[in-house]
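**Student:** What follows is target-v4.txt, compact mmCIF, C-alpha atoms.
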```
# COMPACT_ATOMS: atom_id res chain seq x y z
CA MET M 1 -6.06 33.46 -11.42
CA ALA M 2 -4.06 36.65 -11.24
CA THR M 3 -1.57 35.22 -8.77
CA THR M 4 -0.31 32.66 -11.24
CA GLU M 5 0.64 35.19 -13.92
CA ALA M 6 4.14 34.65 -15.25
CA ASN M 7 4.57 31.66 -12.93
CA ASP M 8 3.74 29.02 -15.47
CA THR M 9 7.04 27.22 -15.06
CA ILE M 10 8.69 24.70 -12.81
CA ARG M 11 11.20 26.60 -10.69
CA ASN M 12 13.48 24.98 -8.12
CA GLY M 13 11.59 21.79 -8.83
CA VAL M 14 8.41 23.47 -7.62
CA ASP M 15 5.40 23.42 -9.92
CA THR M 16 4.46 27.02 -9.24
CA VAL M 17 1.25 26.87 -11.25
CA THR M 18 0.02 24.04 -9.06
CA LEU M 19 1.37 25.79 -5.96
CA PHE M 20 -0.63 28.96 -6.62
CA ALA M 21 -3.65 26.99 -7.80
CA THR M 22 -3.55 25.07 -4.52
CA LEU M 23 -3.40 28.32 -2.58
CA ASP M 24 -6.37 29.65 -4.54
CA ALA M 25 -8.30 26.41 -3.97
CA VAL M 26 -7.72 26.58 -0.22
CA LYS M 27 -8.85 30.20 -0.19
CA GLN M 28 -12.17 28.97 -1.61
CA GLN M 29 -12.38 25.93 0.67
CA PRO M 30 -10.50 26.61 3.90
CA GLU M 31 -11.55 23.27 5.37
CA ALA M 32 -9.42 21.48 2.73
CA ALA M 33 -6.39 22.66 4.73
CA ARG M 34 -7.32 20.66 7.82
CA PHE M 35 -4.78 17.86 7.95
CA GLN M 36 -3.97 15.09 10.35
CA PHE M 37 -0.55 13.46 10.18
CA ARG M 38 0.14 10.12 11.86
CA VAL M 39 2.91 7.79 12.77
CA THR M 40 2.60 4.27 14.11
CA ASN M 41 5.43 2.83 16.14
CA ARG M 42 6.29 -0.62 17.39
CA TRP M 43 8.92 -1.39 19.99
CA VAL M 44 11.57 -3.83 18.71
CA SER M 45 14.02 -4.35 21.57
CA GLY M 46 15.80 -2.23 24.14
CA THR M 47 15.71 1.37 22.89
CA HIS M 48 15.08 0.27 19.29
CA SER M 49 11.68 0.96 17.77
CA ARG M 50 10.31 1.10 14.25
CA GLY M 51 7.94 3.76 13.00
CA HIS M 52 5.69 3.61 9.95
CA VAL M 53 4.45 6.67 8.11
CA GLN M 54 1.76 6.01 5.53
CA SER M 55 -1.73 7.46 5.79
CA PHE M 56 -2.84 10.96 6.60
CA PHE M 57 -6.00 13.01 6.37
CA GLY M 58 -6.15 16.09 4.18
CA VAL M 59 -8.03 17.84 1.40
CA GLY M 60 -11.22 16.50 2.94
CA GLN M 61 -10.41 12.81 2.83
CA GLU M 62 -8.13 9.98 3.89
CA GLN M 63 -4.90 9.87 1.90
CA GLU M 64 -2.94 6.63 1.64
CA ARG M 65 0.57 6.40 0.27
CA GLU M 66 1.24 3.27 -1.76
CA LYS M 67 4.09 2.30 0.54
CA ALA M 68 4.90 3.15 4.14
CA PHE M 69 8.08 5.00 5.02
CA VAL M 70 9.92 3.04 7.72
CA LEU M 71 11.79 4.92 10.43
CA ASP M 72 14.02 2.96 12.79
CA ALA M 73 15.15 4.78 15.92
CA ASP M 74 17.58 3.72 18.61
CA HIS M 75 20.10 5.04 21.09
CA PRO M 76 23.82 4.86 20.31
CA VAL M 77 26.04 2.35 22.06
CA VAL M 78 27.38 4.95 24.52
CA LEU M 79 23.79 5.38 25.65
CA VAL M 80 23.26 1.64 26.03
CA GLY M 81 21.50 1.27 22.70
CA ARG M 82 22.54 -0.59 19.55
CA ASP M 83 22.59 2.26 17.06
CA ASN M 84 19.93 0.76 14.80
CA GLY M 85 18.83 4.22 13.71
CA PRO M 86 19.02 7.90 14.56
CA THR M 87 18.11 8.87 18.09
CA PRO M 88 14.64 10.37 18.65
CA ALA M 89 16.37 13.69 19.38
CA GLU M 90 18.07 13.58 15.99
CA TYR M 91 14.73 12.92 14.28
CA LEU M 92 13.52 16.11 15.91
CA LEU M 93 16.45 18.08 14.47
CA ALA M 94 15.89 16.48 11.06
CA ALA M 95 12.26 17.58 11.18
CA LEU M 96 13.33 21.17 11.75
CA ALA M 97 15.96 21.20 9.00
CA SER M 98 13.65 19.65 6.43
CA CYS M 99 10.69 21.89 7.29
CA LEU M 100 12.69 25.10 6.92
CA THR M 101 14.33 23.80 3.75
CA ALA M 102 11.03 22.82 2.09
CA GLY M 103 9.75 26.29 2.85
CA ILE M 104 12.84 27.87 1.30
CA GLY M 105 12.28 25.86 -1.89
CA ASN M 106 8.64 26.91 -2.14
CA ILE M 107 9.11 30.54 -1.19
CA ALA M 108 12.05 31.05 -3.55
CA ALA M 109 9.99 29.57 -6.39
CA ALA M 110 7.02 31.80 -5.56
CA ARG M 111 9.37 34.80 -5.63
CA ARG M 112 10.88 33.63 -8.93
CA ILE M 113 14.33 33.19 -7.47
CA ASP M 114 16.39 30.26 -8.72
CA LEU M 115 18.16 28.43 -5.93
CA GLU M 116 21.53 26.85 -6.51
CA SER M 117 21.99 25.15 -3.16
CA VAL M 118 20.57 25.13 0.36
CA GLU M 119 22.62 23.43 3.03
CA SER M 120 22.08 23.43 6.75
CA THR M 121 23.44 22.08 9.97
CA VAL M 122 21.22 21.80 13.01
CA GLU M 123 22.78 21.30 16.43
CA GLY M 124 20.99 20.63 19.69
CA ASP M 125 22.62 20.82 23.12
CA ILE M 126 21.29 18.42 25.70
CA ASP M 127 22.45 17.56 29.20
CA LEU M 128 21.42 13.97 29.86
CA ASN M 129 21.59 14.52 33.62
CA GLY M 130 17.98 15.63 33.06
CA ILE M 131 16.55 12.46 31.53
CA LEU M 132 18.76 10.30 33.74
CA GLY M 133 17.08 11.87 36.76
CA LEU M 134 20.41 13.00 38.20
CA ALA M 135 19.80 16.75 38.32
CA ASP M 136 16.44 18.33 39.10
CA ASP M 137 17.46 21.69 37.65
CA VAL M 138 18.35 20.26 34.23
CA ARG M 139 15.56 19.98 31.69
CA ASN M 140 14.99 16.71 29.84
CA GLY M 141 15.14 18.16 26.35
CA PHE M 142 17.41 20.34 24.27
CA GLN M 143 18.54 23.51 25.99
CA GLN M 144 19.23 25.28 22.72
CA ILE M 145 18.97 24.46 19.02
CA ARG M 146 21.10 26.26 16.44
CA VAL M 147 20.40 26.18 12.72
CA ARG M 148 23.00 27.37 10.23
CA PHE M 149 21.96 27.79 6.62
CA THR M 150 24.15 28.37 3.61
CA VAL M 151 21.96 29.48 0.71
CA ARG M 152 23.11 30.15 -2.83
CA GLY M 153 20.87 31.40 -5.60
CA ASP M 154 20.15 33.97 -8.25
CA ALA M 155 19.32 36.86 -5.91
CA THR M 156 20.98 39.36 -3.60
CA PRO M 157 22.13 38.17 -0.17
CA GLU M 158 19.33 40.33 1.25
CA LYS M 159 16.66 38.57 -0.77
CA LEU M 160 18.06 35.14 0.05
CA ARG M 161 17.98 36.00 3.76
CA GLU M 162 14.40 37.19 3.41
CA ILE M 163 13.45 33.79 1.98
CA VAL M 164 14.90 32.00 5.00
CA GLU M 165 13.13 34.45 7.31
CA GLN M 166 9.81 33.91 5.58
CA SER M 167 10.30 30.15 5.79
CA ARG M 168 10.94 30.47 9.53
CA ALA M 169 7.84 32.63 9.90
CA ARG M 170 5.71 29.95 8.19
CA SER M 171 7.34 26.76 9.45
CA ALA M 172 5.13 24.22 11.18
CA VAL M 173 8.04 22.53 12.95
CA TYR M 174 9.71 25.79 14.02
CA ASP M 175 6.40 26.89 15.54
CA VAL M 176 5.95 23.66 17.47
CA LEU M 177 9.55 23.60 18.72
CA THR M 178 9.65 27.21 19.84
CA ASN M 179 6.10 27.56 21.14
CA GLY M 180 5.25 24.06 22.27
CA VAL M 181 2.08 22.08 21.63
CA PRO M 182 -0.40 20.21 23.87
CA VAL M 183 0.39 16.49 23.89
CA SER M 184 -1.99 13.92 25.35
CA ILE M 185 -0.92 10.37 26.13
CA ASP M 186 -3.43 7.55 26.47
CA VAL M 187 -2.46 4.04 27.58
CA THR M 188 -4.19 0.71 27.00
CA THR M 189 -2.71 -2.30 28.76
CA SER M 190 -4.80 -5.19 27.54
CA MET T 191 27.45 -0.81 42.88
CA ALA T 192 24.35 -1.47 44.94
CA THR T 193 22.02 -0.33 42.21
CA THR T 194 23.05 -3.16 39.92
CA GLU T 195 22.22 -5.96 42.36
CA ALA T 196 20.06 -8.65 40.82
CA ASN T 197 20.05 -6.80 37.50
CA ASP T 198 22.81 -8.80 35.89
CA THR T 199 20.69 -9.88 32.96
CA ILE T 200 19.59 -8.59 29.62
CA ARG T 201 15.93 -7.70 29.97
CA ASN T 202 13.75 -6.37 27.14
CA GLY T 203 16.94 -6.27 25.10
CA VAL T 204 18.39 -3.79 27.60
CA ASP T 205 21.75 -4.59 29.14
CA THR T 206 20.73 -3.53 32.62
CA VAL T 207 24.20 -3.98 34.09
CA THR T 208 25.59 -1.51 31.58
CA LEU T 209 22.55 0.74 32.05
CA PHE T 210 23.11 1.04 35.80
CA ALA T 211 26.89 1.24 35.38
CA THR T 212 26.35 4.14 32.97
CA LEU T 213 24.11 5.87 35.49
CA ASP T 214 26.74 5.39 38.19
CA ALA T 215 29.49 6.68 35.88
CA VAL T 216 27.50 9.82 35.09
CA LYS T 217 26.89 10.38 38.80
CA GLN T 218 30.68 10.49 39.21
CA GLN T 219 31.28 12.59 36.09
CA PRO T 220 28.20 14.72 35.38
CA GLU T 221 29.95 16.45 32.45
CA ALA T 222 29.96 13.13 30.55
CA ALA T 223 26.21 13.66 30.09
CA ARG T 224 26.64 16.83 28.05
CA PHE T 225 25.70 15.82 24.52
CA GLN T 226 25.30 17.63 21.25
CA PHE T 227 23.26 15.99 18.51
CA ARG T 228 23.47 17.17 14.90
CA VAL T 229 21.84 16.78 11.55
CA THR T 230 23.08 18.09 8.24
CA ASN T 231 20.59 18.70 5.48
CA ARG T 232 20.85 19.41 1.78
CA TRP T 233 18.04 20.65 -0.41
CA VAL T 234 17.40 18.33 -3.36
CA SER T 235 14.52 19.88 -5.33
CA GLY T 236 11.19 21.46 -4.56
CA THR T 237 10.20 20.43 -1.04
CA HIS T 238 12.53 17.42 -1.10
CA SER T 239 15.63 17.50 1.10
CA ARG T 240 18.02 14.90 2.42
CA GLY T 241 19.34 14.81 5.95
CA HIS T 242 22.40 12.99 7.26
CA VAL T 243 22.81 11.89 10.86
CA GLN T 244 26.29 10.68 11.78
CA SER T 245 28.44 12.44 14.36
CA PHE T 246 27.55 13.69 17.80
CA PHE T 247 29.37 14.84 20.88
CA GLY T 248 29.02 12.99 24.16
CA VAL T 249 30.86 11.28 26.98
CA GLY T 250 33.48 14.00 26.68
CA GLN T 251 34.41 13.52 23.06
CA GLU T 252 33.33 13.47 19.44
CA GLN T 253 31.50 10.29 18.48
CA GLU T 254 31.35 9.19 14.87
CA ARG T 255 29.09 6.44 13.60
CA GLU T 256 30.62 4.27 10.88
CA LYS T 257 27.84 5.14 8.48
CA ALA T 258 25.44 8.05 8.27
CA PHE T 259 21.71 7.54 8.56
CA VAL T 260 20.00 9.17 5.57
CA LEU T 261 16.62 10.86 6.05
CA ASP T 262 14.74 12.02 2.98
CA ALA T 263 11.86 14.40 3.60
CA ASP T 264 9.28 15.79 1.20
CA HIS T 265 5.72 16.98 0.98
CA PRO T 266 3.03 14.69 -0.45
CA VAL T 267 1.61 15.30 -3.90
CA VAL T 268 -1.53 16.99 -2.54
CA LEU T 269 0.82 19.56 -1.00
CA VAL T 270 2.69 20.09 -4.26
CA GLY T 271 5.56 17.80 -3.28
CA ARG T 272 6.68 14.49 -4.76
CA ASP T 273 6.37 12.23 -1.71
CA ASN T 274 10.06 11.30 -1.63
CA GLY T 275 9.91 10.84 2.12
CA PRO T 276 7.87 11.57 5.23
CA THR T 277 6.86 15.17 5.77
CA PRO T 278 8.86 17.16 8.33
CA ALA T 279 5.77 17.15 10.54
CA GLU T 280 5.69 13.35 10.45
CA TYR T 281 9.37 13.21 11.44
CA LEU T 282 8.39 15.24 14.48
CA LEU T 283 5.69 12.73 15.43
CA ALA T 284 8.12 9.86 14.84
CA ALA T 285 10.61 11.53 17.19
CA LEU T 286 7.98 11.63 19.92
CA ALA T 287 6.84 8.02 19.48
CA SER T 288 10.38 6.65 19.45
CA CYS T 289 11.53 8.71 22.44
CA LEU T 290 8.66 7.59 24.64
CA THR T 291 9.06 3.99 23.46
CA ALA T 292 12.82 3.88 24.15
CA GLY T 293 12.11 5.16 27.64
CA ILE T 294 9.49 2.48 28.18
CA GLY T 295 12.02 -0.20 27.18
CA ASN T 296 14.65 1.12 29.58
CA ILE T 297 12.35 1.84 32.50
CA ALA T 298 10.62 -1.55 32.29
CA ALA T 299 14.03 -3.25 32.28
CA ALA T 300 15.19 -1.20 35.27
CA ARG T 301 12.02 -2.23 37.12
CA ARG T 302 12.52 -5.88 36.09
CA ILE T 303 9.33 -6.03 34.10
CA ASP T 304 9.36 -8.07 30.91
CA LEU T 305 7.61 -6.32 28.05
CA GLU T 306 5.73 -8.30 25.45
CA SER T 307 4.81 -5.48 23.10
CA VAL T 308 4.65 -1.70 22.94
CA GLU T 309 2.68 -0.17 20.12
CA SER T 310 1.72 3.42 19.61
CA THR T 311 -0.06 5.73 17.25
CA VAL T 312 0.74 9.42 17.26
CA GLU T 313 -1.63 11.86 15.56
CA GLY T 314 -1.12 15.55 15.01
CA ASP T 315 -3.83 17.96 13.90
CA ILE T 316 -2.71 20.85 11.74
CA ASP T 317 -4.63 23.50 9.84
CA LEU T 318 -2.50 24.49 6.87
CA ASN T 319 -4.30 27.81 6.58
CA GLY T 320 -1.59 28.86 9.05
CA ILE T 321 1.52 28.04 7.02
CA LEU T 322 -0.22 29.06 3.81
CA GLY T 323 -0.65 32.53 5.28
CA LEU T 324 -4.43 32.45 4.76
CA ALA T 325 -5.56 32.87 8.37
CA ASP T 326 -3.78 35.04 10.93
CA ASP T 327 -5.49 33.33 13.85
CA VAL T 328 -4.31 29.83 12.88
CA ARG T 329 -0.92 28.71 14.17
CA ASN T 330 1.63 27.22 11.78
CA GLY T 331 2.23 24.03 13.71
CA PHE T 332 0.21 21.23 15.23
CA GLN T 333 -2.71 22.35 17.33
CA GLN T 334 -2.79 19.11 19.30
CA ILE T 335 -0.83 15.87 19.37
CA ARG T 336 -2.36 12.66 20.69
CA VAL T 337 -0.34 9.58 21.60
CA ARG T 338 -2.05 6.25 22.15
CA PHE T 339 0.00 3.42 23.62
CA THR T 340 -0.90 -0.23 23.89
CA VAL T 341 1.52 -1.90 26.28
CA ARG T 342 1.63 -5.59 27.13
CA GLY T 343 3.99 -7.13 29.63
CA ASP T 344 4.49 -9.18 32.74
CA ALA T 345 3.06 -6.68 35.23
CA THR T 346 -0.23 -5.26 36.41
CA PRO T 347 -1.98 -2.66 34.25
CA GLU T 348 -1.15 -0.17 37.01
CA LYS T 349 2.58 -0.87 36.81
CA LEU T 350 2.56 -0.77 33.01
CA ARG T 351 0.86 2.62 33.12
CA GLU T 352 3.44 3.84 35.61
CA ILE T 353 6.20 2.91 33.18
CA VAL T 354 4.62 5.00 30.43
CA GLU T 355 4.15 7.87 32.88
CA GLN T 356 7.78 7.71 33.98
CA SER T 357 8.90 7.64 30.35
CA ARG T 358 6.83 10.76 29.68
CA ALA T 359 8.30 12.44 32.74
CA ARG T 360 11.84 11.77 31.45
CA SER T 361 11.39 12.17 27.71
CA ALA T 362 13.63 14.64 25.91
CA VAL T 363 11.29 14.97 22.93
CA TYR T 364 8.13 15.27 25.04
CA ASP T 365 9.80 18.08 27.01
CA VAL T 366 10.80 19.98 23.88
CA LEU T 367 7.40 19.57 22.21
CA THR T 368 5.36 20.59 25.23
CA ASN T 369 7.63 23.28 26.64
CA GLY T 370 9.40 24.63 23.58
CA VAL T 371 13.09 25.37 23.11
CA PRO T 372 15.06 28.42 21.94
CA VAL T 373 15.99 28.04 18.25
CA SER T 374 18.49 30.35 16.56
CA ILE T 375 18.82 30.55 12.78
CA ASP T 376 21.94 31.88 11.12
CA VAL T 377 22.21 32.43 7.36
CA THR T 378 25.28 32.60 5.11
CA THR T 379 24.65 33.53 1.49
CA SER T 380 28.06 33.25 -0.12
```
Since I need it in another form, could you write the structure as structure tokens?

**Tutor:**
Amino acid sequence: MATTEANDTIRNGVDTVTLFATLDAVKQQPEAARFQFRVTNRWVSGTHSRGHVQSFFGVGQEQEREKAFVLDADHPVVLVGRDNGPTPAEYLLAALASCLTAGIGNIAAARRIDLESVESTVEGDIDLNGILGLADDVRNGFQQIRVRFTVRGDATPEKLREIVEQSRARSAVYDVLTNGVPVSIDVTTS
Amino acid sequence: MATTEANDTIRNGVDTVTLFATLDAVKQQPEAARFQFRVTNRWVSGTHSRGHVQSFFGVGQEQEREKAFVLDADHPVVLVGRDNGPTPAEYLLAALASCLTAGIGNIAAARRIDLESVESTVEGDIDLNGILGLADDVRNGFQQIRVRFTVRGDATPEKLREIVEQSRARSAVYDVLTNGVPVSIDVTTS
């Protein structure tokens, strides 16, 4: 596998041999890259709900983690919740930060650049007059999201910026947030 | 406050008096509804990063939770990660489930309907040939998201469905996911 030459090390915590081998494997079997991610959620009380993240489909078969990740969500007290977890809107921002950051880790490793640190802040502006139904011209969701990265590593500022740009260009969450996605909602009441 | 008549009870864990008082207060001071949510994130290793959710701005001032919520994210082993947390894509699905569910709790309470249970499954289909850069015609993000709710409560199926529909119509996360949002990314390298 020519692409793995001189990448036979763990860099940035990324097993680059496995990374390139995975890429090569998917090139041979594109259908292995068809994934389905899932979350189950159960209402607890008020605005508090609890999500579970465990199984997914990928690499041609069902994948089951040994243990579920549990995600409590709630509204803060000023929004008549009880602050039992991050707000749904904050989970959305966390998804964006973590997606871009995972990409930075992988891409830097693939480019043989050692990262020292990657820190980010994600801010989202929202006018709740929208979801409260008090202003028809105000959207329900964020009006703007700003991401600020500080990246340190063994490369020129130019190359570090290129890594962030490549991560943006290949980010699943960035794509969904900026371009939107069809969402269907089905309800059973029995 | 006419809107609070006969709502002086806790219903579904929602303090409806406070809920309607909050609505009335925002009607008087629309700028109180301008919020900014934030997440900070720090790369740990590989595709593993750790987010912190603590402060936000709202009701005219900075709001600081006593303790930060910590959100680890990672890729699963089959995607060359170490499964230290949900994937970013799963956080996105969790955001959607919890936003719609919080709305259902509030709206049912406002309509004086007692909920028994609200369960949901959210699935997102994604073809990783996109983010792997192996197929130009495949998008990076989810191609489709499906939400399935099972709602039980003290109301007709029709009224329960209307609650879900109203929650969708006023969901911040549903709006962002279906309509998109401008995202800016700024990078500092020093």

**Student:** Do a neighbour search on Val44 of chain M at 12 Å with all atoms listed in the file, toss out local chain neighbours closer than 4 positions, and write the hits as a ChimeraX atom specification.

**Tutor:** /M:48-51,72-74,81-82,84-85 /T:202-204,288,291-292,294-295,305-309

**Student:** From the options T:Cys289, T:Val373, T:Ala298, T:Leu282, which residue's atoms come nearest to Gly314 of chain T, counting only C-alpha atoms?

**Tutor:** T:Leu282

**Student:** Please determine, counting all atoms listed in the file, which residue among M:Gln28, M:Gln166, M:Thr16, M:Ser45 has the shortest atom-to-atom distance to chain T.

**Tutor:**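 Of the candidates, the smallest distance to chain T is held by M:Ser45.
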
**Student:** For Lys257 of chain T, which residue among M:Asp83, M:Asp114, M:Asp15, M:Ser55 is the nearest when counting all atoms listed in the file?

**Tutor:**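 Ranking M:Asp83, M:Asp114, M:Asp15, M:Ser55 by distance to Lys257 of chain T, first place goes to M:Asp83.
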
**Student:** Give me, please, the distance in Å between atom CA of Arg34 of chain M and atom CA of Ile163 of chain M, quoted to one decimal.

**Tutor:**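 These atoms are spaced 25.3 Å apart.
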
**Student:** Find, counting only C-alpha atoms, the residue in M:Asp24, M:Glu66, M:Glu123, M:Asp137 that gets nearest to chain T.

**Tutor:** M:Glu123

**Student:** I need the residue nearest chain M from this list: T:Lys349, T:Arg228, T:His242, T:Arg302. Use all atoms listed in the file for the distance.

**Tutor:** T:Arg228

**Student:** What does the distance between atom CA of Arg255 of chain T and atom CA of Ala89 of chain M come to in Å, to one decimal place?

**Tutor:**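 Computed distance, atom CA of Arg255 of chain T to atom CA of Ala89 of chain M, equals 15.7 Å.
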
**Student:** Around all the atoms of segment 11-26 of chain M listed in the file, draw an axis-aligned box and extend it by 5 Å on each of the six sides; I want its centre and edge lengths in Å to one decimal, as JSON.

**Tutor:**
```
{"center_x": 2.6, "center_y": 25.7, "center_z": -5.7, "size_x": 31.8, "size_y": 17.9, "size_z": 21.0}
```

**Student:** Point out the residue among M:Asn41, M:Gln63, M:Asn129, M:Gln143 with the least atom-to-atom distance to Thr212 of chain T, counting all atoms listed in the file.

**Tutor:**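 When distances to Thr212 of chain T are compared using all atoms listed in the file, the smallest one comes from M:Asn129.
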
**Student:** Please provide as an MDAnalysis selection string all residues within 12 Å of Asp317 of chain T, with the sequence filter that same-chain residues fewer than 6 positions apart are discarded (counting all atoms listed in the file).

**Tutor:** (chainID M and resid 26 30:37 57:60 172) or (chainID T and resid 323:334)
